[in-house]
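Enquirer: Okay, handing you the structure first.
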Amino acid sequence: MGSLYRSEEMAACQLFLQAEAAYASISELGELGLVQFKDMNPDLNSFQRKFVNEVRRCEEMERKLRFLEKEIARDQIPMPDPKEIPNSPEPREMILLETTFEKLEKEMNEVNVNATTLKKNFLDLTELKHILTNAQTFFDEAVLDQSQISEDSGHLLNDADGLQGLLQTLRLGFVAGVVLRERIPTFERLLWRSCRGNVFLRQKEIDTPLEDPNTGEEVMKSVFVIFFQGEQLKAKVKKICEGFRATLYQCPETANERREMAAGIQTRIEDLNTVLSQSLDHRHRVLVSIADDMKAWHMKVRKIKAVYHVLNMFNVDVTQKYLIGECWCAERHRSRIETALRTGTERSGSSVPSILNRMETTEHPPTYNCTNKFTKVFQSIVDSYGVAGYREVNPAPFTIVTFPFLFSLMFGDSGHGVLMFMAALAMVVMETKLMQTKSDNEIWNIFFGGRYIILLMGGFSIYAGLMYNDIFSKSFNIFGSGWYPHPQRYSEHTIDHHKDLTLDPTNNSDYRGHPYPFGMDPVWQMSLNKITWLNSFKMKISIIFGVSQMFFGVILSLQNSRYFRNSVNIFCEFLPQMLFLSCIFGYLIVLILYKWIAINATMSACAPSLLIDLINMFLLNYPLEPCSSAEFYDGQKSFQSFLLLLALVCVPWLLIAKPIILKRQHSKKQVQLLNNNDEFEGRKSTEINLDGETQTSKQKDGRKDSHTGHEEEEEFSFGEAFVHQCIHTIEYCLGCISHTASYLRLWALSLAHAELSEVLWNMVFRVALKMSGYTGLIAIFILFTPWAVLTIAILLLMEGLSAFLHTLRLHWVEFQSKFYKGDGYLFDPFRFDKIIEVSADD
Amino acid sequence: MNSLNFNIDNGYLEGLVRGFKGGILKQTDYLNLIQCETLEDLKLHLQSTDYGNFLANEASPLQVSVIDDKLKEKLVIEFQHMRNQSVTPLATFLDYITYSYMIDNIVLLITGTLHQRAISELIPKCHPLGSFEQMEALHIASTPAELYNAVLVDTPLASYFIDCISEQDLDELNIEIIRNALYKAYLEDFYKFCQTLGDSTGAYMSDALAFEADRRAFIITINSFGTELPKDDRAKLYPRCGKLFPDGLAALARADDYEQVRAVAEYYSEYRVLFEESSNNPGEKTLEDKFFEYEVMLMKKAFLDQFHFGIFYAYVKLKEQESRNIIWIAECVAQRHRAKIDSYIPIF
């Protein structure tokens, strides 16, 4: 486990792979997942790369797999996840897989074609059956209509002649068929229009939906019969039918023939049914046999494809025997990578080993922080603000403590803390089980991903709640309150009926003389001036913790400057910053502590007001009245003036010193460069002389810095540096003041939380507690639910979220702005598990 | 309709279409595409664009026609989605866009049946945006009057057709006349509709449709040379909503050869340039290409303004141009005829 303090030391490496061993080596590295490859041919199109054919073969395989998967899904056969993730296959296996898929696809296609023809036949027969069964009614109705017409026109036609007679006498022709139900209205209208009303259409809906053999969807259809007269009309009707994709069937004219035909069709349908079910059975068996392997196949193909994608980033040397690539890897993982490369070489049976060659580069290495499941969430909080620069101090390890701590200051309630802690604990304990059942629920995933941070936040909140002595807005009185209205002095009646009764801390009969040993005295819970007292206390601790965190941030910037050997930053930035902060806010903290310790109840009338004192310090004005604003120690005026002066001096120091020094360094280098221009070697020695002190263990870093520094100085511009520094100075000085004020949100949120929880208790649950007897019992039963629900929904979830966001802000803005540049980029190693995860999400 | 209330009904769709527009291929994509050696390469490159996996489920070897179908399918899916989400007046506007495809389909089907082709063979060639229910029954008609009475009377195109009802048999020339008459009526109606919408939709669409109308007038005139179409009939086919109306159209009606057409264009600065820069020599752009280029320029302008419907029209037109480009490149690649591969019309 590496340290989280700074990111891993990275090495830029060159990788020489023998052509035969390349595939195996890369797949080993993919299993290892510790190497980030650089694209050596960014100018090449994806289809101009070396292994594009292999990638294409993989895509073809994926296409076949998708096809098979679709078929499996259509039969609703479950596809289980493989028990273990298969190893990346050998190139040989790729051919094997290809042939398997090829065969399966062919078989599936055949089966499908057969099934389609069978279904088509089946559909035809069923449609015909429907026509035959319905035809009788059509013909009967037609006869009836016709006969009515005939009767009107005076002809005598009896039923015995039947339809045949009618058809013969009028020479009526007819076609029968089936058409989609939704097309009937337009179909009918078009027939009417184009045949000028000379056709007669009867239609009936088929009740059972029919399966479309091509798409497998169920469609609703209607049976129709069209009567017409003459050949021309017949041609036209047929054309229209064709246009509406109606299927026409030969329908015998006599009822007897129809009956016979229907019987014949019935047997044929039954035969077909058996054949159809057999072929479907076969299809099902085939699909079941492959369903288990589907996921594993997918992963395998995915892996092969990924390996070839990586290989496409490699350069091929002139002799075509080696593939050359560049990659980043952590310094301490190099031996593991080399081992993996060796296994890869062995696996491929190649005799020539692969070579991992460290190389010097001027590029900025990626930032790689080794995290585990606990630190991951804290690292991601930092990373979502900005990825740390290479080897820059990483705020994540401090965040682990400060984040839940600052959160708990705002969320300080032990009761709520316990609930939060328990919820997170449940998630942590059942971690493995919950992890297996992958959920798509985004909200759940957010909570689950942050389970460790919630656990810590809950735990810290319990502590803060004990400190505030706040449990569901109630207090515990464990050690006995320090305040004690003596029964000799106050009768019970006085205590009960005097709302304005004030206890005197100087009086021994009111106050025991020693404070409550742990946390807030429970007596404040019922005092009228509780909020005034708590405000004063919480504001002060907000300032103390906030300013301390800012101090810490500034100290971390010193760590950065020391690590990167940037003495200019130490003397021209860190020092004035530190002085500025301590002269104003450091001094304020000292005053707060002084006031807490030195001022006691007897002096309360003239206790110094720190706010007024701070204002006076800036105004250089120390009035004697009122006594709270007067000086309270000797030499206060001159000392404070001195501090103010010091702070003011820091501003120009911060503003001007750095650009001037940089400019001087730059011009000195220029002169030296000019002097050394005659000698070839001169330039190199200058650099080494300049950075002479940065040798020894950090030699290479020093060299790198000097190198990059050199490039920057080539285009150094004083104006730009000055403007930059100007912005930086303003940001810092104003930031110190506004950030200190910003930390007061610790108090504000805490107050809001405590008040809200108190209101909820008083307005909801206490109503029930006030009632007596059985009504009280029932009321408690009823009112507990809204109280509990509101506690969880508003106080835990909403308030928790708000406190979380405020904590996030305090870390990102107030803390990290003091030292964190965050201009790096993340190390993104080539890992099979990630690739497979992504594909599983698709 | 005004900018204030536009987003209530159309905000989502405008955002959507602007997003779609962001996926239109850029010049760099084309530069990559024309380097392709095979259609597989083309597919691979298109995968890295917004087209994504639209060809992933096609078995190789790939056909140009398959690419064409898939391109159309993608546009149709996007368009149908927008049509389903829209409410009037945008819904009507989008319907108007489909009418031009319907006209093309009708003409295609009539021509096909005239040449004794089976209807089942013709249907797949129709543009899916312009399909309508009675479309497949078109081949029953043998005269325009029948066509109108039997089939078209139920379609939105009915009112456009009234001018060309006749009892003459359908023949090649007749069909062309029908097509142009339909287009004329359609453009004028669309133009009128857009004017009722007013605001920037009206302003933008009048530009776009005016260009479309003028282009048709020029092309009708040029194509009519050497045919037996009388000049009066020709004049009747000119859409009267363009910049050429009325003087330019009158001049075009009198034109006898290409030079006279060019002389008419001289009076209109935007068209003069197109005629001057085009030629029929190999290696130079044809007049048709110049028109397309001008259209692309015009369509891109639509996206500079907000709160109007013009971008929907422009998007469909740009996408169509893009499909033409891809198909052109694909054809060049497939036929190994690379000399003219770069005569596509870049959009962005």
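Residues are referred to by chain and number: the chain letter is A, B, ... according to the order shown in the structure tokens, the number counts from 1 in that chain, and ligands are numbered separately from 1 in the order shown.
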What are the residues of chain A that have an atom within 9 Å of an atom of chain B, counting only C-alpha atoms, as a CSV table (one decimal) with N, CA, C and O atoms, in the first residue's frame?

Expert:
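And here's result-v7.csv as it stands now:
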```
chain,number,residue,atom,x,y,z
A,45,ASN,N,-5.3,7.1,-38.7
A,45,ASN,CA,-6.7,6.8,-38.6
A,45,ASN,C,-7.0,5.4,-38.0
A,45,ASN,O,-6.1,4.6,-38.1
A,46,SER,N,-8.1,5.2,-37.4
A,46,SER,CA,-8.4,3.9,-36.8
A,46,SER,C,-8.3,2.8,-37.8
A,46,SER,O,-7.9,1.7,-37.4
A,47,PHE,N,-8.5,3.1,-39.1
A,47,PHE,CA,-8.5,2.0,-40.0
A,47,PHE,C,-7.2,1.8,-40.7
A,47,PHE,O,-7.0,1.0,-41.6
A,48,GLN,N,-6.2,2.7,-40.3
A,48,GLN,CA,-4.9,2.5,-40.9
A,48,GLN,C,-3.9,1.8,-40.0
A,48,GLN,O,-2.8,1.7,-40.3
A,56,ARG,N,-11.5,-5.9,-36.4
A,56,ARG,CA,-12.7,-6.1,-37.2
A,56,ARG,C,-13.2,-7.5,-37.0
A,56,ARG,O,-14.5,-7.7,-36.9
A,59,GLU,N,-15.1,-7.4,-33.9
A,59,GLU,CA,-16.4,-6.8,-34.1
A,59,GLU,C,-17.4,-7.7,-34.7
A,59,GLU,O,-18.6,-7.8,-34.4
A,60,GLU,N,-16.9,-8.5,-35.7
A,60,GLU,CA,-17.8,-9.5,-36.4
A,60,GLU,C,-18.3,-10.5,-35.4
A,60,GLU,O,-19.5,-10.8,-35.3
A,62,GLU,N,-18.5,-10.0,-32.2
A,62,GLU,CA,-19.5,-9.4,-31.3
A,62,GLU,C,-20.9,-9.3,-32.0
A,62,GLU,O,-21.9,-9.5,-31.3
A,63,ARG,N,-20.8,-9.0,-33.2
A,63,ARG,CA,-22.1,-8.9,-34.0
A,63,ARG,C,-22.9,-10.3,-33.9
A,63,ARG,O,-24.0,-10.3,-33.6
A,64,LYS,N,-22.1,-11.4,-34.1
A,64,LYS,CA,-22.7,-12.7,-34.0
A,64,LYS,C,-23.2,-13.0,-32.6
A,64,LYS,O,-24.3,-13.5,-32.4
A,66,ARG,N,-24.2,-10.8,-30.5
A,66,ARG,CA,-25.4,-10.0,-30.2
A,66,ARG,C,-26.6,-10.6,-30.9
A,66,ARG,O,-27.7,-10.7,-30.3
A,67,PHE,N,-26.4,-11.2,-32.1
A,67,PHE,CA,-27.5,-11.9,-32.7
A,67,PHE,C,-27.9,-13.0,-31.9
A,67,PHE,O,-29.1,-13.2,-31.7
A,183,ARG,N,-55.9,-1.3,-41.4
A,183,ARG,CA,-56.0,-0.8,-42.8
A,183,ARG,C,-57.4,-0.8,-43.4
A,183,ARG,O,-57.6,-0.3,-44.5
A,186,THR,N,-59.3,2.6,-44.7
A,186,THR,CA,-58.8,3.2,-46.0
A,186,THR,C,-59.0,2.2,-47.1
A,186,THR,O,-59.3,2.6,-48.3
A,187,PHE,N,-58.8,0.9,-46.8
A,187,PHE,CA,-59.0,-0.1,-47.8
A,187,PHE,C,-60.4,0.0,-48.4
A,187,PHE,O,-60.6,0.0,-49.7
A,189,ARG,N,-62.5,2.5,-48.3
A,189,ARG,CA,-62.7,3.7,-49.0
A,189,ARG,C,-62.1,3.7,-50.4
A,189,ARG,O,-62.7,4.1,-51.3
A,190,LEU,N,-60.9,3.2,-50.4
A,190,LEU,CA,-60.2,3.2,-51.7
A,190,LEU,C,-60.9,2.3,-52.7
A,190,LEU,O,-61.1,2.7,-53.9
A,191,LEU,N,-61.4,1.2,-52.2
A,191,LEU,CA,-62.2,0.3,-53.1
A,191,LEU,C,-63.4,1.0,-53.6
A,191,LEU,O,-63.7,0.9,-54.8
A,192,TRP,N,-64.1,1.6,-52.8
A,192,TRP,CA,-65.3,2.3,-53.1
A,192,TRP,C,-65.0,3.3,-54.2
A,192,TRP,O,-65.7,3.4,-55.2
A,193,ARG,N,-64.0,4.1,-54.0
A,193,ARG,CA,-63.7,5.2,-54.9
A,193,ARG,C,-63.3,4.7,-56.2
A,193,ARG,O,-63.8,5.1,-57.2
A,194,SER,N,-62.3,3.8,-56.2
A,194,SER,CA,-61.7,3.5,-57.5
A,194,SER,C,-62.6,2.6,-58.3
A,194,SER,O,-62.5,2.5,-59.5
A,195,CYS,N,-63.5,1.9,-57.6
A,195,CYS,CA,-64.4,1.0,-58.4
A,195,CYS,C,-65.8,1.7,-58.5
A,195,CYS,O,-66.8,1.0,-58.9
A,236,LYS,N,-58.7,-4.8,-61.0
A,236,LYS,CA,-58.5,-3.7,-60.2
A,236,LYS,C,-58.5,-4.0,-58.7
A,236,LYS,O,-57.6,-3.6,-58.0
A,237,VAL,N,-59.5,-4.8,-58.4
A,237,VAL,CA,-59.6,-5.2,-57.0
A,237,VAL,C,-58.3,-5.9,-56.5
A,237,VAL,O,-57.8,-5.7,-55.4
A,239,LYS,N,-55.4,-5.6,-57.7
A,239,LYS,CA,-54.3,-4.7,-57.6
A,239,LYS,C,-54.3,-3.9,-56.2
A,239,LYS,O,-53.3,-3.7,-55.6
A,240,ILE,N,-55.6,-3.5,-55.9
A,240,ILE,CA,-55.7,-2.8,-54.7
A,240,ILE,C,-55.3,-3.7,-53.5
A,240,ILE,O,-54.6,-3.2,-52.5
A,241,CYS,N,-55.8,-4.9,-53.5
A,241,CYS,CA,-55.5,-5.9,-52.5
A,241,CYS,C,-54.0,-6.0,-52.3
A,241,CYS,O,-53.4,-6.0,-51.2
A,242,GLU,N,-53.3,-6.1,-53.5
A,242,GLU,CA,-51.9,-6.2,-53.4
A,242,GLU,C,-51.2,-4.9,-52.8
A,242,GLU,O,-50.3,-5.0,-52.0
A,243,GLY,N,-51.8,-3.8,-53.2
A,243,GLY,CA,-51.3,-2.5,-52.6
A,243,GLY,C,-51.5,-2.4,-51.1
A,243,GLY,O,-50.7,-1.8,-50.4
A,244,PHE,N,-52.5,-3.1,-50.6
A,244,PHE,CA,-52.7,-3.0,-49.1
A,244,PHE,C,-52.1,-4.3,-48.4
A,244,PHE,O,-52.4,-4.5,-47.3
A,245,ARG,N,-51.3,-5.0,-49.2
A,245,ARG,CA,-50.7,-6.2,-48.6
A,245,ARG,C,-51.7,-7.2,-48.1
A,245,ARG,O,-51.5,-7.8,-47.0
```

Enquirer: Which residues come within 9 Å of Val651 in chain A, counting only C-alpha atoms, excluding same-chain residues fewer than 2 positions away, as a list in words?

Expert: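 Near Val651 in chain A, the qualifying residues are Pro576, Gln577, Phe580, Ala647, Leu648, Val649, Trp653, Leu654, Leu655, Ile656, Thr729, Ile730 and Cys733 of chain A.
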
Enquirer: Which residues come within 10 Å of Ala251 in chain B, counting only C-alpha atoms, excluding same-chain residues fewer than 5 positions away, as a ChimeraX atom specification?

Expert: /B:235,244-246,260-261,263-265

Enquirer: Please produce an output containing N, CA and C atoms for each residue in the selection, written as an mmCIF file, in the first residue's frame.

Expert:
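Result saved to again-v2.cif:
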```cif
data_model
loop_
_atom_site.group_PDB
_atom_site.id
_atom_site.type_symbol
_atom_site.label_atom_id
_atom_site.label_comp_id
_atom_site.auth_asym_id
_atom_site.auth_seq_id
_atom_site.Cartn_x
_atom_site.Cartn_y
_atom_site.Cartn_z
ATOM 1 N N ALA B 235 -44.055 27.741 -67.963
ATOM 2 C CA ALA B 235 -44.213 28.892 -67.084
ATOM 3 C C ALA B 235 -45.166 28.573 -65.938
ATOM 4 N N LEU B 244 -37.228 35.292 -57.731
ATOM 5 C CA LEU B 244 -37.355 35.501 -59.170
ATOM 6 C C LEU B 244 -38.742 36.011 -59.544
ATOM 7 N N PHE B 245 -39.681 35.803 -58.653
ATOM 8 C CA PHE B 245 -41.042 36.197 -58.949
ATOM 9 C C PHE B 245 -41.187 37.708 -58.812
ATOM 10 N N PRO B 246 -41.805 38.429 -59.734
ATOM 11 C CA PRO B 246 -42.402 37.939 -60.981
ATOM 12 C C PRO B 246 -41.502 38.145 -62.198
ATOM 13 N N GLN B 260 -29.430 32.191 -72.052
ATOM 14 C CA GLN B 260 -30.485 33.125 -71.650
ATOM 15 C C GLN B 260 -30.841 32.952 -70.181
ATOM 16 N N VAL B 261 -30.781 31.710 -69.714
ATOM 17 C CA VAL B 261 -31.015 31.466 -68.289
ATOM 18 C C VAL B 261 -29.959 32.181 -67.474
ATOM 19 N N ALA B 263 -28.343 34.722 -68.326
ATOM 20 C CA ALA B 263 -28.580 36.155 -68.402
ATOM 21 C C ALA B 263 -29.632 36.581 -67.372
ATOM 22 N N VAL B 264 -30.624 35.723 -67.146
ATOM 23 C CA VAL B 264 -31.631 36.047 -66.129
ATOM 24 C C VAL B 264 -30.979 36.089 -64.745
ATOM 25 N N ALA B 265 -30.123 35.095 -64.511
ATOM 26 C CA ALA B 265 -29.473 35.010 -63.198
ATOM 27 C C ALA B 265 -28.579 36.216 -62.941
#
```

Enquirer: Can you work out which one of A:Pro623, A:Pro82, A:Gly800, A:Gly449 has the shortest atom-to-atom distance to Pro404 in chain A, counting only C-alpha atoms?

Expert: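 Selected residue with least distance to Pro404 in chain A: A:Gly800.
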
Enquirer: Considering only C-alpha atoms, return as an NGL selection string whatever protein or nucleic-acid residues lie within 12 Å of Glu127 in chain A, sequence-local ones (same chain, fewer than 5 positions apart) excluded.

Expert: :A and (119-122 or 132-135 or 176-180 or 205-212 or 220-224 or 246-251 or 262 or 265-266 or 269)

Enquirer: Suppose you want the space between CA of Met526 in chain A and CA of Leu777 in chain A; what is it in Å?

Expert: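 These two atoms are separated by 25.4 Å.
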
Enquirer: Would you mind telling me which residue in A:His364, A:His298, A:Arg57, A:His753 lies nearest to Phe407 in chain A when using only C-alpha atoms?

Expert: A:His753

Enquirer: Out of range 159-323 of chain A, which residues get strand (DSSP E or B) from DSSP, as a ChimeraX atom specification?

Expert: /A:172-180,200-205,210-211,218-219,221-229,247-249,315-316,322-323

Enquirer: Counting only C-alpha atoms, which residue out of B:Ile34, B:Cys332, B:Val296, B:Ile222 sits closest to Ile345 in chain B?

Expert: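 Distance minimum relative to Ile345 in chain B lands on B:Val296.
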
Enquirer: Please return, as a ChimeraX atom specification, all residues of range 176-285 of chain B that DSSP assigns to alpha helix (DSSP H) on the basis of the backbone.

Expert: /B:176-197,199-224,231-237,247-254,258-265,269-277

Enquirer: Could you tell me how far CA of Asp189 in chain B lies from CA of Asp247 in chain B, in Å and to one decimal?

Expert: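 These atoms are spaced 20.8 Å apart.
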
Enquirer: Which distance in Å separates CA of Ile26 in chain A and CA of Ile85 in chain A, to one decimal?

Expert: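 CA of Ile85 in chain A lies at a distance of 17.4 Å from CA of Ile26 in chain A.
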
Enquirer: Compile the contact shell of Val307 in chain A as a ChimeraX atom specification: residues with an atom at most 10 Å away, counting only C-alpha atoms, same-chain residues fewer than 6 positions apart removed.

Expert: /A:22-30,51,54-55,88,301,830,832

Enquirer: If we count only C-alpha atoms, what is near Asp169 in chain B at a cut-off of 9 Å, once residues fewer than 4 positions away on the same chain are taken out, given as a PyMOL selection string?

Expert: chain B and resi 142-144+174

Enquirer: Dump all heavy atoms for the selected residues as a PDB file, in the first residue's frame?

Expert:
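Written file, selection_8.pdb:
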```
ATOM      1  N   SER B 142     -54.342   4.880 -63.923  1.00  0.00           N
ATOM      2  CA  SER B 142     -53.659   5.024 -65.199  1.00  0.00           C
ATOM      3  C   SER B 142     -53.761   6.447 -65.719  1.00  0.00           C
ATOM      4  O   SER B 142     -53.036   6.819 -66.622  1.00  0.00           O
ATOM      5  CB  SER B 142     -54.226   4.033 -66.221  1.00  0.00           C
ATOM      6  OG  SER B 142     -55.616   4.212 -66.296  1.00  0.00           O
ATOM      7  N   THR B 143     -54.653   7.237 -65.155  1.00  0.00           N
ATOM      8  CA  THR B 143     -54.698   8.646 -65.555  1.00  0.00           C
ATOM      9  C   THR B 143     -54.609   9.497 -64.305  1.00  0.00           C
ATOM     10  O   THR B 143     -54.932   9.034 -63.212  1.00  0.00           O
ATOM     11  CB  THR B 143     -56.025   8.986 -66.271  1.00  0.00           C
ATOM     12  OG1 THR B 143     -57.071   8.862 -65.305  1.00  0.00           O
ATOM     13  CG2 THR B 143     -56.286   8.076 -67.435  1.00  0.00           C
ATOM     14  N   PRO B 144     -54.177  10.729 -64.470  1.00  0.00           N
ATOM     15  CA  PRO B 144     -54.083  11.611 -63.302  1.00  0.00           C
ATOM     16  C   PRO B 144     -55.420  11.739 -62.575  1.00  0.00           C
ATOM     17  O   PRO B 144     -55.445  11.825 -61.350  1.00  0.00           O
ATOM     18  CB  PRO B 144     -53.656  12.941 -63.905  1.00  0.00           C
ATOM     19  CG  PRO B 144     -52.969  12.586 -65.153  1.00  0.00           C
ATOM     20  CD  PRO B 144     -53.629  11.360 -65.675  1.00  0.00           C
ATOM     21  N   ASN B 174     -45.780  13.693 -68.813  1.00  0.00           N
ATOM     22  CA  ASN B 174     -46.877  13.961 -67.912  1.00  0.00           C
ATOM     23  C   ASN B 174     -46.457  13.863 -66.449  1.00  0.00           C
ATOM     24  O   ASN B 174     -46.787  14.707 -65.623  1.00  0.00           O
ATOM     25  CB  ASN B 174     -47.945  12.886 -68.151  1.00  0.00           C
ATOM     26  CG  ASN B 174     -49.223  13.555 -68.550  1.00  0.00           C
ATOM     27  OD1 ASN B 174     -49.451  14.671 -68.132  1.00  0.00           O
ATOM     28  ND2 ASN B 174     -50.014  12.887 -69.349  1.00  0.00           N
TER      29      ASN B 174
END
```

Enquirer: Residues at most 10 Å from Leu157 in chain B, counting only C-alpha atoms, excluding those fewer than 3 positions away in the same chain, as an NGL selection string?

Expert: :B and (99-100 or 102-103 or 148 or 152-154 or 160-162 or 182-183 or 185-186)

Enquirer: Counting only C-alpha atoms, which residue out of B:Leu39, B:Lys21, B:Leu16, B:Gln63 sits closest to Gln85 in chain B?

Expert: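 Of B:Leu39, B:Lys21, B:Leu16, B:Gln63, the one nearest Gln85 in chain B, counting only C-alpha atoms, is B:Leu16.
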
Enquirer: B:Thr155, B:Gln27, B:Gln321, B:Ser200: which is nearest Asp95 in chain B, counting only C-alpha atoms?

Expert: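 Among B:Thr155, B:Gln27, B:Gln321, B:Ser200, it is B:Thr155 that comes nearest to Asp95 in chain B.
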